[in-house]
Amino acid sequence: MSVSSGRQGAIAFFVIFGVCLVALAVALNVGWIVQNRRQVVTLLFGVPVFIAIITGLILNTIFIVREIRRNEQQDAFLNAVTHELKTPVTSIRLHLETLKARESAIPEDKRREFYDVMLADSDRLMQTIEQVLRTGQAGRPSEHRERVNLRALADECVTLTRTRRHLTEAQLHMLPLAPDDRQPEVSGDPTELRGAILNLLDNAVKYSGDDVHVQVYAVLVGDWAVIRVTDRGAGFAPTEAKRIFKRFYRTPGSLTQRIKGTGLGLFIVHNTAKHHGGRAFAESAGVGRGSVFTLELPGLPPAVQ
Ligand code: ADP
């Protein structure tokens with residue numbers, strides 16, 4: 001029996017146990033009320049006590065089930081992080097060993113390819129480490145604030161993601177501003193904002209599979225600086241739209257089993273939005289129908305020249 005089915009069994013047991021206890025308490029309560037229906041004082045004292053006991057039982061069951069779920073998510077997270085740390089290190093080690101053993105026999109272009117793979121692997125390693133560190137700081141917003149042009153920052157992130165993921169401009173690009181559009185400027189921490197935008201871009205590419213077509217739009221709408229990342233990838237059921245921003249949460253199903261991740265990216269995006277007085281939200285028409293992720297932050301009026 002797998003660990004996960006063991007947990008499912010435990011959850012089912014506690015839910016059924018809790019429901020039976022509540023049913024028993026309700027039956028006793030009703031029986032007792034019927035028996036004492038003429039004794040008003042006894043009823044006035046007894047009914048609230050019974051209600052308190054039943055509420056306690058329900059809350060207790062909910063708490064236990066939540067804790068089991070959280071443990072389950074933490075286990076999945078640990079597995080994912082271990083995988084995300086181990087895979088690139090193993091790959092770097094393998095390439096270094098090959099280079100050490102047969103350096104002179106390896107042609108120049110192959111050697112360059114090895115270096116590129118090792119650089120990409122160390123990038124992946126850094127990204128995972130940064131995600132874990134940032135999650136640790138999630139409750140403590142950075143004090144640092146400066147004027148940041150979200151469009152320029154998004155442009156920088158688009159270029160970086162294109163290089164990291166070997167994508168063409170057609171596959172990942174910024175949409176131009178219309179003549180009347182205003183620059184989205186905010187007061188924020190550029191490092192934190194960069195991390196959030198990179199997570200959105202990384203997801204859009206990662207969940208697009210082989211058919212990457214990602215567009216990024218950054219503009220000032222009313223008083224809000226908005227970044228919108230649109231992809232034509234895996235999408236998600238509309239009921240998942242809120243849940244995917246929770247810590248460690250990954251949508252269930254074969255897709256998330258195939259595509260590795262830690263369930264931290266969107267949690268970081270959500271926290272970054274919160275720290276900056278804004279919000280992040282996701283929309284999708286359904287599984288397989290692409291998605292749109294929006295980061296909305298309070299905009300600044302144009303700087304006086
Ligand atoms: P991770 O990608 O590491 O699993 P995230 O917190 O970044 O963690 O995302 C949480 C979940 O949201 C993912 O597991 C995935 O199911 C869903 N998701 C995120 N971005 C996208 C996207 N662009 N398209 C479809 N699903 C997405």
# chains A, B, ... in the order shown; residues from 1 in each chain; ligands from 1
$ residues_near_ligand --ligand "ligand 1" --cutoff "6 Å" --atoms "only C-alpha atoms and all ligand atoms" --output "list in words"
Asn203, Ala204, Tyr207, Gly233, Ala234, Gly235, Phe236, Ile244, Tyr249, Arg250, Thr251, Thr256, Gly261, Thr262, Gly263, Leu264, Gly265, Leu266, Phe267 and Ser291 of chain A
$ select_by_dssp --residues "segment 103-236 of chain A" --states "helix (DSSP H, G or I)" --output "ChimeraX atom specification"
/A:103-105,108-136,150-165,190-206
$ closest_atom_pairs --of "segment 228-274 of chain A" --to "segment 168-179 of chain A" --cutoff "12 Å" --atoms "only C-alpha atoms" --output "tab-separated table"
residue	atom	partner	partner_atom	distance
A:Arg228	CA	A:Met174	CA	9.9
A:Val229	CA	A:Met174	CA	9.2
A:Thr230	CA	A:Leu172	CA	9.9
A:Asp231	CA	A:Leu172	CA	9.3
A:Arg232	CA	A:Gln171	CA	10.7
A:Gly233	CA	A:Gln171	CA	12.0
$ decode --residues "segment 202-237 of chain A" --atoms "N, CA, C and O atoms" --output "PDB file, in the first residue's frame"
ATOM      1  N   ASP A 202       8.097  31.701 -16.033  1.00  0.00           N
ATOM      2  CA  ASP A 202       8.587  30.324 -15.975  1.00  0.00           C
ATOM      3  C   ASP A 202       7.432  29.333 -16.052  1.00  0.00           C
ATOM      4  O   ASP A 202       7.483  28.352 -16.792  1.00  0.00           O
ATOM      5  N   ASN A 203       6.367  29.616 -15.286  1.00  0.00           N
ATOM      6  CA  ASN A 203       5.183  28.747 -15.309  1.00  0.00           C
ATOM      7  C   ASN A 203       4.543  28.737 -16.689  1.00  0.00           C
ATOM      8  O   ASN A 203       4.176  27.684 -17.200  1.00  0.00           O
ATOM      9  N   ALA A 204       4.390  29.939 -17.276  1.00  0.00           N
ATOM     10  CA  ALA A 204       3.720  30.030 -18.584  1.00  0.00           C
ATOM     11  C   ALA A 204       4.453  29.157 -19.599  1.00  0.00           C
ATOM     12  O   ALA A 204       3.826  28.455 -20.393  1.00  0.00           O
ATOM     13  N   VAL A 205       5.788  29.169 -19.534  1.00  0.00           N
ATOM     14  CA  VAL A 205       6.580  28.357 -20.480  1.00  0.00           C
ATOM     15  C   VAL A 205       6.476  26.883 -20.103  1.00  0.00           C
ATOM     16  O   VAL A 205       6.201  26.020 -20.935  1.00  0.00           O
ATOM     17  N   LYS A 206       6.665  26.610 -18.804  1.00  0.00           N
ATOM     18  CA  LYS A 206       6.682  25.229 -18.308  1.00  0.00           C
ATOM     19  C   LYS A 206       5.368  24.506 -18.605  1.00  0.00           C
ATOM     20  O   LYS A 206       5.373  23.361 -19.042  1.00  0.00           O
ATOM     21  N   TYR A 207       4.241  25.186 -18.405  1.00  0.00           N
ATOM     22  CA  TYR A 207       2.937  24.538 -18.600  1.00  0.00           C
ATOM     23  C   TYR A 207       2.409  24.688 -20.031  1.00  0.00           C
ATOM     24  O   TYR A 207       1.232  24.454 -20.286  1.00  0.00           O
ATOM     25  N   SER A 208       3.298  25.110 -20.947  1.00  0.00           N
ATOM     26  CA  SER A 208       2.885  25.198 -22.354  1.00  0.00           C
ATOM     27  C   SER A 208       3.354  23.979 -23.131  1.00  0.00           C
ATOM     28  O   SER A 208       3.005  23.826 -24.305  1.00  0.00           O
ATOM     29  N   GLY A 209       4.206  23.169 -22.529  1.00  0.00           N
ATOM     30  CA  GLY A 209       4.726  21.991 -23.228  1.00  0.00           C
ATOM     31  C   GLY A 209       5.592  22.405 -24.404  1.00  0.00           C
ATOM     32  O   GLY A 209       6.393  23.339 -24.286  1.00  0.00           O
ATOM     33  N   ASP A 210       5.388  21.747 -25.562  1.00  0.00           N
ATOM     34  CA  ASP A 210       6.234  22.033 -26.735  1.00  0.00           C
ATOM     35  C   ASP A 210       5.723  23.213 -27.540  1.00  0.00           C
ATOM     36  O   ASP A 210       6.427  23.752 -28.378  1.00  0.00           O
ATOM     37  N   ASP A 211       4.468  23.604 -27.289  1.00  0.00           N
ATOM     38  CA  ASP A 211       3.886  24.672 -28.103  1.00  0.00           C
ATOM     39  C   ASP A 211       3.847  25.978 -27.301  1.00  0.00           C
ATOM     40  O   ASP A 211       2.802  26.405 -26.819  1.00  0.00           O
ATOM     41  N   VAL A 212       5.030  26.591 -27.179  1.00  0.00           N
ATOM     42  CA  VAL A 212       5.115  27.801 -26.338  1.00  0.00           C
ATOM     43  C   VAL A 212       4.682  29.028 -27.138  1.00  0.00           C
ATOM     44  O   VAL A 212       5.206  29.302 -28.222  1.00  0.00           O
ATOM     45  N   HIS A 213       3.706  29.732 -26.589  1.00  0.00           N
ATOM     46  CA  HIS A 213       3.302  31.008 -27.179  1.00  0.00           C
ATOM     47  C   HIS A 213       2.831  31.881 -26.018  1.00  0.00           C
ATOM     48  O   HIS A 213       1.681  31.809 -25.593  1.00  0.00           O
ATOM     49  N   VAL A 214       3.774  32.668 -25.507  1.00  0.00           N
ATOM     50  CA  VAL A 214       3.486  33.451 -24.296  1.00  0.00           C
ATOM     51  C   VAL A 214       3.601  34.943 -24.595  1.00  0.00           C
ATOM     52  O   VAL A 214       4.582  35.386 -25.204  1.00  0.00           O
ATOM     53  N   GLN A 215       2.575  35.686 -24.177  1.00  0.00           N
ATOM     54  CA  GLN A 215       2.583  37.137 -24.391  1.00  0.00           C
ATOM     55  C   GLN A 215       2.531  37.855 -23.049  1.00  0.00           C
ATOM     56  O   GLN A 215       1.806  37.422 -22.143  1.00  0.00           O
ATOM     57  N   VAL A 216       3.295  38.934 -22.972  1.00  0.00           N
ATOM     58  CA  VAL A 216       3.327  39.694 -21.719  1.00  0.00           C
ATOM     59  C   VAL A 216       2.910  41.134 -22.023  1.00  0.00           C
ATOM     60  O   VAL A 216       3.420  41.740 -22.976  1.00  0.00           O
ATOM     61  N   TYR A 217       1.991  41.638 -21.221  1.00  0.00           N
ATOM     62  CA  TYR A 217       1.521  43.007 -21.430  1.00  0.00           C
ATOM     63  C   TYR A 217       1.664  43.754 -20.109  1.00  0.00           C
ATOM     64  O   TYR A 217       1.244  43.250 -19.066  1.00  0.00           O
ATOM     65  N   ALA A 218       2.284  44.910 -20.147  1.00  0.00           N
ATOM     66  CA  ALA A 218       2.451  45.699 -18.921  1.00  0.00           C
ATOM     67  C   ALA A 218       1.994  47.119 -19.217  1.00  0.00           C
ATOM     68  O   ALA A 218       2.487  47.750 -20.162  1.00  0.00           O
ATOM     69  N   VAL A 219       1.055  47.623 -18.408  1.00  0.00           N
ATOM     70  CA  VAL A 219       0.460  48.927 -18.709  1.00  0.00           C
ATOM     71  C   VAL A 219      -0.163  49.521 -17.435  1.00  0.00           C
ATOM     72  O   VAL A 219      -0.387  48.786 -16.463  1.00  0.00           O
ATOM     73  N   LEU A 220      -0.413  50.825 -17.462  1.00  0.00           N
ATOM     74  CA  LEU A 220      -1.130  51.450 -16.346  1.00  0.00           C
ATOM     75  C   LEU A 220      -2.609  51.521 -16.710  1.00  0.00           C
ATOM     76  O   LEU A 220      -2.975  52.090 -17.745  1.00  0.00           O
ATOM     77  N   VAL A 221      -3.463  50.895 -15.886  1.00  0.00           N
ATOM     78  CA  VAL A 221      -4.913  50.936 -16.140  1.00  0.00           C
ATOM     79  C   VAL A 221      -5.542  51.685 -14.978  1.00  0.00           C
ATOM     80  O   VAL A 221      -5.570  51.177 -13.855  1.00  0.00           O
ATOM     81  N   GLY A 222      -6.020  52.898 -15.238  1.00  0.00           N
ATOM     82  CA  GLY A 222      -6.522  53.739 -14.142  1.00  0.00           C
ATOM     83  C   GLY A 222      -5.375  53.997 -13.176  1.00  0.00           C
ATOM     84  O   GLY A 222      -4.310  54.461 -13.570  1.00  0.00           O
ATOM     85  N   ASP A 223      -5.586  53.619 -11.908  1.00  0.00           N
ATOM     86  CA  ASP A 223      -4.522  53.842 -10.909  1.00  0.00           C
ATOM     87  C   ASP A 223      -3.695  52.587 -10.697  1.00  0.00           C
ATOM     88  O   ASP A 223      -2.906  52.518  -9.753  1.00  0.00           O
ATOM     89  N   TRP A 224      -3.891  51.584 -11.534  1.00  0.00           N
ATOM     90  CA  TRP A 224      -3.226  50.302 -11.281  1.00  0.00           C
ATOM     91  C   TRP A 224      -2.197  49.963 -12.349  1.00  0.00           C
ATOM     92  O   TRP A 224      -2.492  50.050 -13.545  1.00  0.00           O
ATOM     93  N   ALA A 225      -1.018  49.559 -11.872  1.00  0.00           N
ATOM     94  CA  ALA A 225       0.007  49.045 -12.789  1.00  0.00           C
ATOM     95  C   ALA A 225      -0.268  47.549 -12.944  1.00  0.00           C
ATOM     96  O   ALA A 225      -0.371  46.830 -11.951  1.00  0.00           O
ATOM     97  N   VAL A 226      -0.418  47.134 -14.180  1.00  0.00           N
ATOM     98  CA  VAL A 226      -0.860  45.759 -14.427  1.00  0.00           C
ATOM     99  C   VAL A 226       0.143  45.011 -15.316  1.00  0.00           C
ATOM    100  O   VAL A 226       0.598  45.552 -16.322  1.00  0.00           O
ATOM    101  N   ILE A 227       0.459  43.772 -14.900  1.00  0.00           N
ATOM    102  CA  ILE A 227       1.235  42.894 -15.780  1.00  0.00           C
ATOM    103  C   ILE A 227       0.376  41.686 -16.041  1.00  0.00           C
ATOM    104  O   ILE A 227      -0.145  41.070 -15.100  1.00  0.00           O
ATOM    105  N   ARG A 228       0.229  41.347 -17.334  1.00  0.00           N
ATOM    106  CA  ARG A 228      -0.612  40.199 -17.679  1.00  0.00           C
ATOM    107  C   ARG A 228       0.204  39.231 -18.514  1.00  0.00           C
ATOM    108  O   ARG A 228       0.806  39.622 -19.519  1.00  0.00           O
ATOM    109  N   VAL A 229       0.253  37.978 -18.049  1.00  0.00           N
ATOM    110  CA  VAL A 229       1.011  36.948 -18.782  1.00  0.00           C
ATOM    111  C   VAL A 229       0.006  35.943 -19.344  1.00  0.00           C
ATOM    112  O   VAL A 229      -0.740  35.313 -18.594  1.00  0.00           O
ATOM    113  N   THR A 230      -0.041  35.843 -20.669  1.00  0.00           N
ATOM    114  CA  THR A 230      -1.033  34.972 -21.321  1.00  0.00           C
ATOM    115  C   THR A 230      -0.325  33.817 -22.021  1.00  0.00           C
ATOM    116  O   THR A 230       0.645  34.038 -22.745  1.00  0.00           O
ATOM    117  N   ASP A 231      -0.813  32.604 -21.769  1.00  0.00           N
ATOM    118  CA  ASP A 231      -0.240  31.461 -22.496  1.00  0.00           C
ATOM    119  C   ASP A 231      -1.338  30.622 -23.113  1.00  0.00           C
ATOM    120  O   ASP A 231      -2.517  30.769 -22.770  1.00  0.00           O
ATOM    121  N   ARG A 232      -0.942  29.738 -24.040  1.00  0.00           N
ATOM    122  CA  ARG A 232      -1.932  28.860 -24.688  1.00  0.00           C
ATOM    123  C   ARG A 232      -1.718  27.422 -24.227  1.00  0.00           C
ATOM    124  O   ARG A 232      -1.947  26.479 -24.960  1.00  0.00           O
ATOM    125  N   GLY A 233      -1.225  27.290 -22.998  1.00  0.00           N
ATOM    126  CA  GLY A 233      -0.815  25.971 -22.502  1.00  0.00           C
ATOM    127  C   GLY A 233      -1.897  25.198 -21.783  1.00  0.00           C
ATOM    128  O   GLY A 233      -3.093  25.251 -22.138  1.00  0.00           O
ATOM    129  N   ALA A 234      -1.457  24.512 -20.717  1.00  0.00           N
ATOM    130  CA  ALA A 234      -2.283  23.499 -20.034  1.00  0.00           C
ATOM    131  C   ALA A 234      -3.565  24.040 -19.422  1.00  0.00           C
ATOM    132  O   ALA A 234      -4.545  23.304 -19.283  1.00  0.00           O
ATOM    133  N   GLY A 235      -3.583  25.319 -19.030  1.00  0.00           N
ATOM    134  CA  GLY A 235      -4.759  25.868 -18.362  1.00  0.00           C
ATOM    135  C   GLY A 235      -5.097  25.092 -17.092  1.00  0.00           C
ATOM    136  O   GLY A 235      -4.318  24.239 -16.633  1.00  0.00           O
ATOM    137  N   PHE A 236      -6.269  25.406 -16.511  1.00  0.00           N
ATOM    138  CA  PHE A 236      -6.689  24.696 -15.295  1.00  0.00           C
ATOM    139  C   PHE A 236      -8.196  24.865 -15.159  1.00  0.00           C
ATOM    140  O   PHE A 236      -8.791  25.747 -15.797  1.00  0.00           O
ATOM    141  N   ALA A 237      -8.814  24.008 -14.349  1.00  0.00           N
ATOM    142  CA  ALA A 237     -10.255  24.129 -14.119  1.00  0.00           C
ATOM    143  C   ALA A 237     -10.505  25.433 -13.364  1.00  0.00           C
ATOM    144  O   ALA A 237      -9.751  25.754 -12.440  1.00  0.00           O
TER     145      ALA A 237
END
